[in-house]
file structure.csv (CSV, C-alpha atoms)
chain,number,residue,atom,x,y,z
A,11,MET,CA,-4.5,15.0,8.9
A,12,ARG,CA,-4.1,13.3,5.6
A,13,PRO,CA,-3.6,9.8,7.0
A,14,ILE,CA,-6.6,10.2,9.2
A,15,ARG,CA,-8.7,11.3,6.2
A,16,VAL,CA,-7.5,8.3,4.1
A,17,SER,CA,-8.2,5.9,7.0
A,18,LEU,CA,-11.6,7.4,7.5
A,19,LEU,CA,-12.5,7.1,3.8
A,20,LEU,CA,-11.3,3.5,3.7
A,21,LEU,CA,-13.4,2.7,6.8
A,22,ILE,CA,-16.5,4.2,5.3
A,23,THR,CA,-15.9,2.4,2.0
A,24,LEU,CA,-15.4,-1.0,3.7
A,25,SER,CA,-18.4,-0.5,5.9
A,26,PHE,CA,-20.6,0.4,2.9
A,27,ASN,CA,-19.4,-2.7,1.0
A,28,ALA,CA,-20.0,-4.9,4.0
A,29,LEU,CA,-23.6,-3.6,4.3
A,30,ALA,CA,-24.2,-4.0,0.6
A,31,GLY,CA,-22.9,-7.5,0.6
A,32,THR,CA,-20.7,-6.8,-2.4
A,33,GLY,CA,-17.3,-6.3,-0.7
A,34,SER,CA,-14.6,-8.6,0.5
A,35,TYR,CA,-16.6,-9.7,3.5
A,36,ALA,CA,-18.8,-12.1,1.5
A,37,ARG,CA,-18.0,-15.0,-0.8
A,38,GLU,CA,-20.6,-16.3,-3.3
A,39,ALA,CA,-21.8,-19.8,-2.5
A,40,VAL,CA,-24.5,-22.3,-3.3
A,41,PHE,CA,-26.5,-23.8,-0.4
A,42,VAL,CA,-28.0,-27.3,-0.6
A,43,GLY,CA,-30.5,-28.3,2.0
A,44,ASN,CA,-30.5,-32.0,2.9
A,45,ASN,CA,-34.0,-32.5,4.2
A,46,TRP,CA,-33.7,-35.7,6.1
A,47,GLU,CA,-30.2,-35.2,7.4
A,48,GLY,CA,-30.6,-31.7,8.7
A,49,MET,CA,-27.3,-30.6,7.3
A,50,ILE,CA,-26.7,-27.9,4.6
A,51,ASP,CA,-23.9,-28.3,2.2
A,52,VAL,CA,-22.1,-25.2,1.0
A,53,ILE,CA,-20.5,-25.2,-2.4
A,54,ASP,CA,-18.3,-22.7,-4.1
A,55,ALA,CA,-20.2,-20.8,-6.8
A,56,GLU,CA,-17.4,-20.9,-9.3
A,57,THR,CA,-15.6,-24.1,-8.8
A,58,TYR,CA,-18.5,-26.2,-7.5
A,59,GLU,CA,-16.3,-27.6,-4.8
A,60,ARG,CA,-17.8,-28.2,-1.4
A,61,ILE,CA,-16.3,-25.8,1.1
A,62,GLY,CA,-18.2,-26.6,4.2
A,63,ARG,CA,-21.3,-27.8,6.0
A,64,ILE,CA,-23.8,-26.0,8.3
A,65,ASN,CA,-25.8,-27.9,10.9
A,66,GLY,CA,-29.4,-26.8,10.3
A,67,ILE,CA,-30.6,-28.3,13.6
A,68,PRO,CA,-28.0,-27.5,16.3
A,69,ASP,CA,-30.9,-27.3,18.7
A,70,ARG,CA,-32.3,-30.7,17.8
A,71,ARG,CA,-32.3,-32.2,21.3
A,72,LYS,CA,-34.1,-29.1,22.8
A,73,ARG,CA,-36.8,-29.2,20.1
A,74,LEU,CA,-37.4,-32.9,20.5
A,75,ARG,CA,-37.8,-32.5,24.3
A,76,GLU,CA,-40.4,-29.8,23.7
A,77,ILE,CA,-42.3,-32.0,21.2
A,78,ILE,CA,-42.3,-35.1,23.5
A,79,TRP,CA,-44.2,-33.1,26.1
A,80,ARG,CA,-46.8,-31.7,23.8
A,81,PRO,CA,-49.2,-34.3,22.5
A,82,ASP,CA,-50.4,-32.2,19.6
A,83,LYS,CA,-46.9,-31.4,18.5
A,84,LEU,CA,-45.9,-35.1,18.9
A,85,PHE,CA,-48.8,-36.2,16.8
A,86,PHE,CA,-48.0,-33.9,13.9
A,87,PHE,CA,-44.3,-34.6,14.2
A,88,GLN,CA,-45.1,-38.3,13.5
A,89,VAL,CA,-47.5,-37.2,10.7
A,90,VAL,CA,-44.7,-35.3,8.9
A,91,ARG,CA,-42.4,-38.3,9.3
A,92,HIS,CA,-44.7,-41.0,8.0
A,93,LEU,CA,-47.0,-39.3,5.6
A,94,ILE,CA,-44.8,-36.7,4.0
A,95,GLY,CA,-41.2,-37.6,4.9
A,96,GLU,CA,-41.4,-41.2,3.6
A,97,GLY,CA,-40.5,-42.4,7.1
A,98,ASN,CA,-38.0,-39.7,7.8
A,99,ASP,CA,-38.0,-36.4,9.7
A,100,GLN,CA,-37.9,-33.3,7.6
A,101,TYR,CA,-35.3,-31.0,9.1
A,102,VAL,CA,-34.3,-28.6,6.3
A,103,ASP,CA,-36.7,-27.6,3.6
A,104,ASP,CA,-35.6,-24.2,2.4
A,105,MET,CA,-32.8,-21.6,3.1
A,106,TYR,CA,-31.6,-18.2,2.1
A,107,SER,CA,-28.5,-16.3,3.2
A,108,THR,CA,-28.4,-12.6,4.0
A,109,ARG,CA,-26.5,-10.5,1.5
A,110,ASP,CA,-23.5,-10.0,3.8
A,111,GLY,CA,-23.2,-13.7,4.2
A,112,LYS,CA,-23.6,-13.6,8.0
A,113,LEU,CA,-26.9,-15.4,8.5
A,114,LEU,CA,-28.6,-18.3,6.9
A,115,ILE,CA,-32.4,-18.4,7.2
A,116,VAL,CA,-33.7,-22.0,7.3
A,117,SER,CA,-37.3,-23.4,7.3
A,118,ARG,CA,-37.5,-26.7,9.3
A,119,PRO,CA,-40.8,-28.6,8.6
A,120,SER,CA,-40.6,-31.1,11.5
A,121,PHE,CA,-39.9,-28.4,14.0
A,122,ALA,CA,-42.6,-26.1,12.5
A,123,ASP,CA,-40.3,-23.1,12.6
A,124,VAL,CA,-37.8,-20.8,10.8
A,125,VAL,CA,-34.4,-20.0,12.3
A,126,ALA,CA,-31.6,-17.7,11.5
A,127,ILE,CA,-28.2,-19.4,11.9
A,128,ASP,CA,-25.0,-17.4,12.3
A,129,ILE,CA,-22.8,-19.0,9.5
A,130,ALA,CA,-19.5,-18.3,11.3
A,131,THR,CA,-20.5,-19.8,14.6
A,132,ASN,CA,-23.4,-22.2,13.6
A,133,ARG,CA,-25.5,-20.7,16.4
A,134,ILE,CA,-29.1,-19.8,16.2
A,135,VAL,CA,-29.7,-16.1,16.3
A,136,TRP,CA,-33.5,-16.0,16.2
A,137,ARG,CA,-36.3,-18.5,15.9
A,138,PHE,CA,-39.9,-18.0,14.7
A,139,GLU,CA,-42.6,-20.7,15.2
A,140,VAL,CA,-45.0,-20.8,12.3
A,141,GLU,CA,-48.8,-21.1,12.6
A,142,GLY,CA,-49.7,-24.7,12.9
A,143,TYR,CA,-47.4,-27.7,12.8
A,144,ARG,CA,-45.2,-27.5,9.7
A,145,SER,CA,-43.1,-24.9,7.8
A,146,ASP,CA,-42.4,-25.3,4.1
A,147,HIS,CA,-41.2,-23.3,1.1
A,148,MET,CA,-39.8,-19.8,1.4
A,149,ALA,CA,-39.0,-16.9,-0.9
A,150,LEU,CA,-36.5,-14.1,-0.4
A,151,SER,CA,-37.6,-10.6,-1.3
A,152,PRO,CA,-35.6,-9.0,-4.1
A,153,ASP,CA,-34.0,-6.5,-1.7
A,154,GLY,CA,-33.0,-9.3,0.6
A,155,THR,CA,-34.8,-7.9,3.7
A,156,GLU,CA,-37.7,-10.4,4.1
A,157,VAL,CA,-38.7,-14.0,3.6
A,158,ALA,CA,-42.2,-15.3,2.8
A,159,VAL,CA,-42.7,-18.6,4.6
A,160,SER,CA,-45.5,-21.1,4.0
A,161,ALA,CA,-47.1,-22.6,7.1
A,162,SER,CA,-48.5,-25.9,5.9
A,163,THR,CA,-51.2,-26.6,8.4
A,164,GLY,CA,-51.7,-23.0,9.5
A,165,LYS,CA,-53.0,-22.0,6.0
A,166,VAL,CA,-51.1,-18.7,6.1
A,167,VAL,CA,-47.9,-17.3,4.7
A,168,HIS,CA,-45.7,-15.4,7.1
A,169,ILE,CA,-43.5,-12.4,6.1
A,170,LEU,CA,-40.5,-12.2,8.3
A,171,ASP,CA,-37.6,-9.7,8.7
A,172,VAL,CA,-34.4,-11.6,8.0
A,173,ARG,CA,-32.4,-9.8,10.6
A,174,THR,CA,-34.7,-10.1,13.6
A,175,GLY,CA,-37.2,-12.8,12.7
A,176,LYS,CA,-40.0,-10.5,13.6
A,177,GLU,CA,-43.3,-11.0,11.6
A,178,ARG,CA,-44.3,-8.0,9.6
A,179,GLY,CA,-47.5,-9.6,8.5
A,180,ARG,CA,-49.2,-12.6,7.0
A,181,PHE,CA,-51.8,-13.5,4.5
A,182,PRO,CA,-54.3,-16.4,4.4
A,183,THR,CA,-54.4,-19.0,1.7
A,184,GLY,CA,-55.7,-22.5,1.0
A,185,ASP,CA,-54.8,-25.9,2.3
A,186,SER,CA,-51.1,-26.7,2.5
A,187,PRO,CA,-49.5,-23.4,1.4
A,188,HIS,CA,-46.5,-24.3,-0.9
A,189,GLU,CA,-44.6,-22.3,-3.4
A,190,ASN,CA,-43.9,-18.5,-3.0
A,191,VAL,CA,-42.3,-16.3,-5.6
A,192,TYR,CA,-41.6,-12.6,-5.4
A,193,SER,CA,-42.0,-10.5,-8.6
A,194,LYS,CA,-38.8,-9.0,-9.9
A,195,ASP,CA,-39.7,-5.5,-8.6
A,196,GLY,CA,-40.7,-6.9,-5.2
A,197,LYS,CA,-44.2,-5.5,-5.4
A,198,LYS,CA,-46.1,-8.8,-5.7
A,199,ILE,CA,-45.9,-12.3,-4.3
A,200,TYR,CA,-47.1,-15.2,-6.4
A,201,HIS,CA,-48.4,-18.1,-4.2
A,202,ALA,CA,-49.9,-21.5,-4.6
A,203,SER,CA,-51.5,-23.9,-2.1
A,204,ILE,CA,-51.4,-27.6,-3.1
A,205,GLY,CA,-53.8,-29.4,-0.8
A,206,HIS,CA,-53.2,-32.5,1.2
A,207,VAL,CA,-50.6,-34.5,-0.6
A,208,PHE,CA,-50.7,-37.3,1.9
A,209,THR,CA,-54.3,-38.3,0.9
A,210,LEU,CA,-55.5,-40.3,-2.1
A,211,ALA,CA,-55.3,-39.0,-5.6
A,212,ASP,CA,-57.5,-36.0,-6.4
A,213,ARG,CA,-59.8,-37.5,-9.0
A,214,GLY,CA,-63.4,-38.7,-9.2
A,215,ALA,CA,-65.3,-38.9,-6.0
A,216,LEU,CA,-62.0,-38.4,-4.0
A,217,ARG,CA,-61.5,-35.0,-5.4
A,218,ASP,CA,-62.7,-32.9,-2.5
A,219,ILE,CA,-60.6,-34.7,0.2
A,220,LYS,CA,-57.5,-32.8,-1.1
A,221,GLY,CA,-58.8,-29.6,0.3
A,222,ASN,CA,-58.8,-26.0,-1.0
A,223,ARG,CA,-56.1,-25.5,-3.7
A,224,ILE,CA,-55.7,-21.9,-5.0
A,225,PHE,CA,-53.3,-19.6,-6.7
A,226,LYS,CA,-53.0,-16.1,-5.4
A,227,VAL,CA,-51.2,-12.9,-6.3
A,228,VAL,CA,-50.7,-10.7,-3.3
A,229,ASN,CA,-49.5,-7.1,-2.8
A,230,ALA,CA,-46.1,-7.6,-1.2
A,231,ASP,CA,-46.4,-4.3,0.8
A,232,THR,CA,-50.0,-4.4,2.1
A,233,LEU,CA,-50.4,-8.3,1.8
A,234,GLU,CA,-53.8,-7.7,0.3
A,235,GLU,CA,-55.0,-10.0,-2.4
A,236,ILE,CA,-54.7,-8.8,-5.9
A,237,LYS,CA,-56.4,-11.8,-7.5
A,238,SER,CA,-56.8,-15.5,-6.9
A,239,PHE,CA,-58.3,-18.5,-8.7
A,240,ASP,CA,-58.7,-22.3,-8.7
A,241,ILE,CA,-56.8,-23.4,-11.7
A,242,SER,CA,-59.2,-26.3,-12.2
A,243,ASP,CA,-61.6,-23.8,-13.7
A,244,LYS,CA,-58.9,-22.6,-16.1
A,245,LEU,CA,-58.0,-26.1,-17.0
A,246,ALA,CA,-61.6,-27.0,-17.7
A,247,GLU,CA,-61.9,-23.8,-19.9
A,248,ALA,CA,-58.8,-24.9,-21.8
A,249,GLY,CA,-60.2,-28.5,-22.4
A,250,TYR,CA,-58.4,-30.3,-19.6
A,251,PRO,CA,-61.1,-30.9,-16.9
A,252,GLY,CA,-59.5,-34.0,-15.4
A,253,MET,CA,-56.1,-32.6,-14.5
A,254,SER,CA,-55.1,-31.9,-10.9
A,255,PRO,CA,-55.5,-28.2,-9.8
A,256,ALA,CA,-52.6,-28.4,-7.4
A,257,ILE,CA,-49.8,-26.1,-8.6
A,258,ARG,CA,-46.4,-27.3,-7.7
A,259,PRO,CA,-43.1,-25.4,-8.6
A,260,MET,CA,-43.5,-22.6,-11.1
A,261,ALA,CA,-41.3,-20.5,-13.4
A,262,HIS,CA,-42.0,-17.4,-15.4
A,263,THR,CA,-40.7,-15.2,-18.1
A,264,GLU,CA,-38.6,-12.1,-17.3
A,265,ASP,CA,-41.6,-9.8,-17.9
A,266,GLU,CA,-43.8,-12.1,-15.7
A,267,LYS,CA,-46.5,-12.3,-18.5
A,268,PHE,CA,-46.2,-16.1,-18.9
A,269,PHE,CA,-46.0,-18.6,-16.1
A,270,TYR,CA,-45.2,-22.3,-16.3
A,271,PHE,CA,-46.9,-24.4,-13.7
A,272,GLN,CA,-46.2,-28.0,-12.7
A,273,LEU,CA,-49.3,-29.8,-11.5
A,274,SER,CA,-49.7,-32.9,-9.2
A,275,PHE,CA,-49.6,-36.2,-11.1
A,276,PHE,CA,-48.8,-34.5,-14.5
A,277,HIS,CA,-45.7,-35.3,-16.5
A,278,GLY,CA,-45.1,-31.9,-18.0
A,279,PHE,CA,-46.4,-28.4,-17.3
A,280,VAL,CA,-48.9,-25.8,-18.4
A,281,GLU,CA,-48.3,-22.4,-19.9
A,282,TYR,CA,-50.4,-19.6,-18.3
A,283,ASP,CA,-51.0,-16.1,-19.6
A,284,MET,CA,-51.0,-14.1,-16.4
A,285,GLU,CA,-52.3,-10.9,-18.1
A,286,ASN,CA,-55.4,-12.6,-19.7
A,287,ASP,CA,-55.8,-15.2,-17.0
A,288,ARG,CA,-56.0,-18.3,-19.2
A,289,ILE,CA,-54.0,-21.4,-20.1
A,290,THR,CA,-52.5,-21.1,-23.5
A,291,ARG,CA,-50.7,-24.4,-24.0
A,292,VAL,CA,-49.9,-27.7,-22.3
A,293,ALA,CA,-46.5,-29.4,-22.6
A,294,ASP,CA,-46.6,-33.2,-22.3
A,295,LEU,CA,-43.2,-34.7,-21.3
A,296,PRO,CA,-42.4,-38.5,-21.2
A,297,ASN,CA,-43.9,-40.7,-18.5
A,298,LEU,CA,-41.2,-43.4,-18.0
A,299,VAL,CA,-43.2,-45.1,-15.2
A,300,PRO,CA,-46.5,-45.7,-16.9
A,301,ASN,CA,-47.3,-48.7,-14.8
A,302,LEU,CA,-46.7,-47.0,-11.5
A,303,PRO,CA,-50.0,-46.1,-9.8
A,304,VAL,CA,-50.2,-42.3,-9.2
A,305,GLU,CA,-51.0,-43.0,-5.5
A,306,ARG,CA,-47.3,-44.1,-5.2
A,307,TYR,CA,-46.0,-40.8,-6.6
A,308,VAL,CA,-43.9,-39.1,-3.9
A,309,ASN,CA,-46.1,-36.4,-2.4
A,310,ASP,CA,-48.1,-36.3,-5.6
A,311,SER,CA,-45.0,-35.2,-7.5
A,312,ALA,CA,-44.8,-36.6,-11.0
A,313,HIS,CA,-42.6,-33.6,-11.7
A,314,HIS,CA,-41.2,-31.3,-9.0
A,315,GLY,CA,-38.8,-28.6,-10.2
A,316,ILE,CA,-38.8,-26.1,-13.0
A,317,SER,CA,-36.7,-23.1,-13.9
A,318,MET,CA,-36.5,-20.7,-16.9
A,319,GLY,CA,-33.2,-20.0,-18.6
A,320,GLY,CA,-32.0,-16.4,-18.5
A,321,ASN,CA,-33.0,-15.6,-22.1
A,322,ASP,CA,-36.5,-17.0,-21.8
A,323,GLU,CA,-35.8,-19.5,-24.5
A,324,LYS,CA,-35.6,-22.8,-22.6
A,325,LEU,CA,-36.9,-24.4,-19.4
A,326,CYS,CA,-35.1,-26.9,-17.2
A,327,VAL,CA,-37.6,-29.4,-15.8
A,328,ALA,CA,-37.3,-32.2,-13.2
A,329,GLY,CA,-39.0,-35.4,-14.2
A,330,THR,CA,-39.1,-36.6,-10.6
A,331,MET,CA,-40.7,-40.0,-10.8
A,332,SER,CA,-39.1,-40.8,-14.2
A,333,ASP,CA,-35.5,-39.9,-13.0
A,334,TYR,CA,-34.7,-37.4,-15.8
A,335,VAL,CA,-34.1,-33.8,-16.5
A,336,ALA,CA,-35.7,-32.3,-19.6
A,337,ILE,CA,-34.5,-29.2,-21.4
A,338,VAL,CA,-37.5,-27.8,-23.1
A,339,ASP,CA,-37.6,-25.2,-25.9
A,340,ARG,CA,-40.1,-22.6,-24.8
A,341,GLU,CA,-41.4,-21.7,-28.3
A,342,SER,CA,-41.9,-25.2,-29.7
A,343,PHE,CA,-42.0,-27.3,-26.5
A,344,GLU,CA,-39.6,-29.7,-28.1
A,345,TYR,CA,-37.4,-31.3,-25.5
A,346,GLU,CA,-34.2,-33.2,-24.8
A,347,ILE,CA,-34.1,-35.7,-22.0
A,348,LEU,CA,-31.1,-36.3,-19.8
A,349,GLU,CA,-31.2,-39.7,-18.1
A,350,GLY,CA,-28.7,-41.7,-16.0
A,351,LEU,CA,-27.6,-38.8,-13.9
A,352,GLY,CA,-29.4,-39.7,-10.7
A,353,LYS,CA,-32.6,-40.7,-8.9
A,354,LYS,CA,-35.6,-38.7,-8.0
A,355,PRO,CA,-34.8,-35.1,-9.0
A,356,TYR,CA,-36.7,-32.9,-6.6
A,357,TRP,CA,-35.8,-29.3,-7.2
A,358,ILE,CA,-34.3,-27.1,-9.9
A,359,THR,CA,-32.9,-23.6,-9.5
A,360,ARG,CA,-31.5,-21.4,-12.2
A,361,ASP,CA,-28.1,-19.8,-11.3
A,362,LYS,CA,-27.8,-16.0,-11.4
A,363,SER,CA,-26.2,-16.0,-14.9
A,364,GLY,CA,-29.2,-17.8,-16.3
A,365,GLU,CA,-26.9,-20.2,-18.2
A,366,ASN,CA,-27.1,-23.1,-15.8
A,367,CYS,CA,-29.5,-24.9,-13.6
A,368,PHE,CA,-28.9,-26.8,-10.4
A,369,VAL,CA,-30.7,-30.1,-10.0
A,370,SER,CA,-31.0,-32.0,-6.7
A,371,TRP,CA,-31.1,-35.8,-6.9
A,372,SER,CA,-32.9,-36.6,-3.7
A,373,GLY,CA,-32.7,-40.4,-4.3
A,374,THR,CA,-28.9,-40.6,-4.9
A,375,ASP,CA,-27.7,-37.7,-2.7
A,376,GLN,CA,-26.0,-35.5,-5.3
A,377,ILE,CA,-26.6,-32.3,-7.2
A,378,SER,CA,-25.9,-31.6,-10.9
A,379,VAL,CA,-25.0,-28.4,-12.6
A,380,ILE,CA,-26.5,-28.4,-16.1
A,381,ASN,CA,-25.8,-26.0,-18.9
A,382,ILE,CA,-29.2,-25.2,-20.3
A,383,GLU,CA,-28.2,-24.2,-23.8
A,384,ARG,CA,-26.1,-27.3,-24.4
A,385,ALA,CA,-28.3,-29.6,-22.3
A,386,GLU,CA,-25.1,-30.9,-20.7
A,387,GLU,CA,-24.1,-31.7,-17.2
A,388,ILE,CA,-21.0,-29.7,-16.4
A,389,ALA,CA,-20.5,-30.7,-12.7
A,390,ARG,CA,-21.8,-33.1,-10.1
A,391,VAL,CA,-21.3,-32.8,-6.4
A,392,ASP,CA,-21.9,-35.3,-3.6
A,393,VAL,CA,-24.1,-33.9,-0.8
A,394,GLY,CA,-26.0,-35.2,2.2
A,395,ASP,CA,-29.2,-37.3,2.8
A,396,HIS,CA,-32.1,-36.3,0.6
A,397,PRO,CA,-31.1,-32.9,-1.0
A,398,GLN,CA,-34.0,-30.7,-2.0
A,399,ARG,CA,-33.8,-26.9,-2.1
A,400,ILE,CA,-30.8,-25.3,-3.7
A,401,ARG,CA,-30.2,-21.6,-3.3
A,402,GLU,CA,-27.4,-19.2,-4.3
A,403,GLY,CA,-26.1,-16.8,-1.6
A,404,SER,CA,-23.1,-15.8,0.4
A,405,VAL,CA,-20.8,-16.9,3.3
A,406,PRO,CA,-18.2,-14.9,5.1
A,407,GLN,CA,-14.9,-14.5,3.2
A,408,GLY,CA,-12.5,-17.2,4.3
A,409,TRP,CA,-15.3,-19.3,5.8
A,410,GLY,CA,-15.1,-23.1,5.6
A,411,THR,CA,-15.5,-26.0,7.9
A,412,GLY,CA,-13.5,-28.7,6.2
A,413,TYR,CA,-16.5,-30.9,6.7
call {"tool": "encode", "arguments": {"input": "structure.csv", "output": "structure tokens"}}
result
Amino acid sequence: MRPIRVSLLLLITLSFNALAGTGSYAREAVFVGNNWEGMIDVIDAETYERIGRINGIPDRRKRLREIIWRPDKLFFFQVVRHLIGEGNDQYVDDMYSTRDGKLLIVSRPSFADVVAIDIATNRIVWRFEVEGYRSDHMALSPDGTEVAVSASTGKVVHILDVRTGKERGRFPTGDSPHENVYSKDGKKIYHASIGHVFTLADRGALRDIKGNRIFKVVNADTLEEIKSFDISDKLAEAGYPGMSPAIRPMAHTEDEKFFYFQLSFFHGFVEYDMENDRITRVADLPNLVPNLPVERYVNDSAHHGISMGGNDEKLCVAGTMSDYVAIVDRESFEYEILEGLGKKPYWITRDKSGENCFVSWSGTDQISVINIERAEEIARVDVGDHPQRIREGSVPQGWGTGY
């Protein structure tokens, strides 16, 4: 009976590890979504070597056939291509893997959906069509069971089960829902809507054509609103009435008391006291394109990408239109500029150690790994066409496509 008991114990242990995503069945990886190409590069989390690629649109022909026969879908497909995608289709916006490394959840703007792709087979396991005609940013819950997905034209955020794709619920928001961030304990969702980035600049008489732009804190369980505000009111109170109220990417301290918001057209970020609901400071960073009209900023993004170092001492910031990365001291707002690494940085993600940040160079099709403390690039990887979102996750042990 002893061999049977040992085998049974081993089976239970392996099964538990597989379910927890911490055993030998999963390998840590970094996913890079190439928005215009539709491919996802997979990079080893330790060596930063590319180990494979995943096709984010294996059903492309089927989806295009559906779009062609639906005039409303065809119209918005062209809108996404010409007004947001700079003449390109947007196939991969955001992605997260399940903890066991089996599924990759992908939001696909041009197809207005979210899919789960079996990483081992590259087959779609489930598909969810968002409200309206475009999907956008996502966030993974801390326990790894749900994703919050912004529906750009539907003006809602969907909460989906990562295993089944079933919608648990949704909450309403303003025009063009954008960034979603779960609180560390998973009890809240921080959300911002950015308005219509394809219209003219939001200033003067043109201000209202951008639509309703709000920041919300939502109860992650009930999906009821905890609080919301238009940051333009907070900016005016702080002495900055002319700034855009469209919150782009955001970062926060570990205790979630202070948030750092990027705003449309602004080269820098604002510091926001979440407990007292007020702007405390504004960080001005260099504008290296002072003669470029703001109407030519890509999707209103002077800066698009910000992350906090693991010890809350420094921020890593993407100077999108100025082609730089800034490492900013959180206490003094003094900064160091890294130039010459690439073109049009469009996302920044801190790695799980908190020591490094990943930067996507959407204009030169590479990503950089930058040590935050040293303000130094430690690795650079060639990826596909127009990389944007970068997320850490897992793939099956031994997986690789050889690309």
call {"tool": "residues_near_point", "arguments": {"input": "structure.csv", "point": "(-46.5, -21.7, -1.6)", "cutoff": "12 Å", "atoms": "only C-alpha atoms", "output": "ChimeraX atom specification"}}
result
/A:104,145-149,158-162,165-168,181-192,199-205,223-228,256-260
call {"tool": "closest_residue", "arguments": {"input": "structure.csv", "among": "A:Arg133, A:Leu298, A:Pro68, A:Gly48", "to": "Asn98 (chain A)", "atoms": "all atoms listed in the file"}}
result
A:Gly48
call {"tool": "residues_near_point", "arguments": {"input": "structure.csv", "point": "(-39.6, -15.6, -18.6)", "cutoff": "12 Å", "atoms": "only C-alpha atoms", "output": "ChimeraX atom specification"}}
result
/A:193-194,260-270,281-284,316-325,340-341,360,364
call {"tool": "closest_residue", "arguments": {"input": "structure.csv", "among": "A:Asn44, A:Ser151, A:Thr411, A:Ser311", "to": "Arg109 (chain A)", "atoms": "all atoms listed in the file"}}
result
A:Ser151
call {"tool": "closest_residue", "arguments": {"input": "structure.csv", "among": "A:Ile115, A:Ala122, A:Met49, A:Ile64", "to": "Ile77 (chain A)", "atoms": "all atoms listed in the file"}}
result
A:Ala122
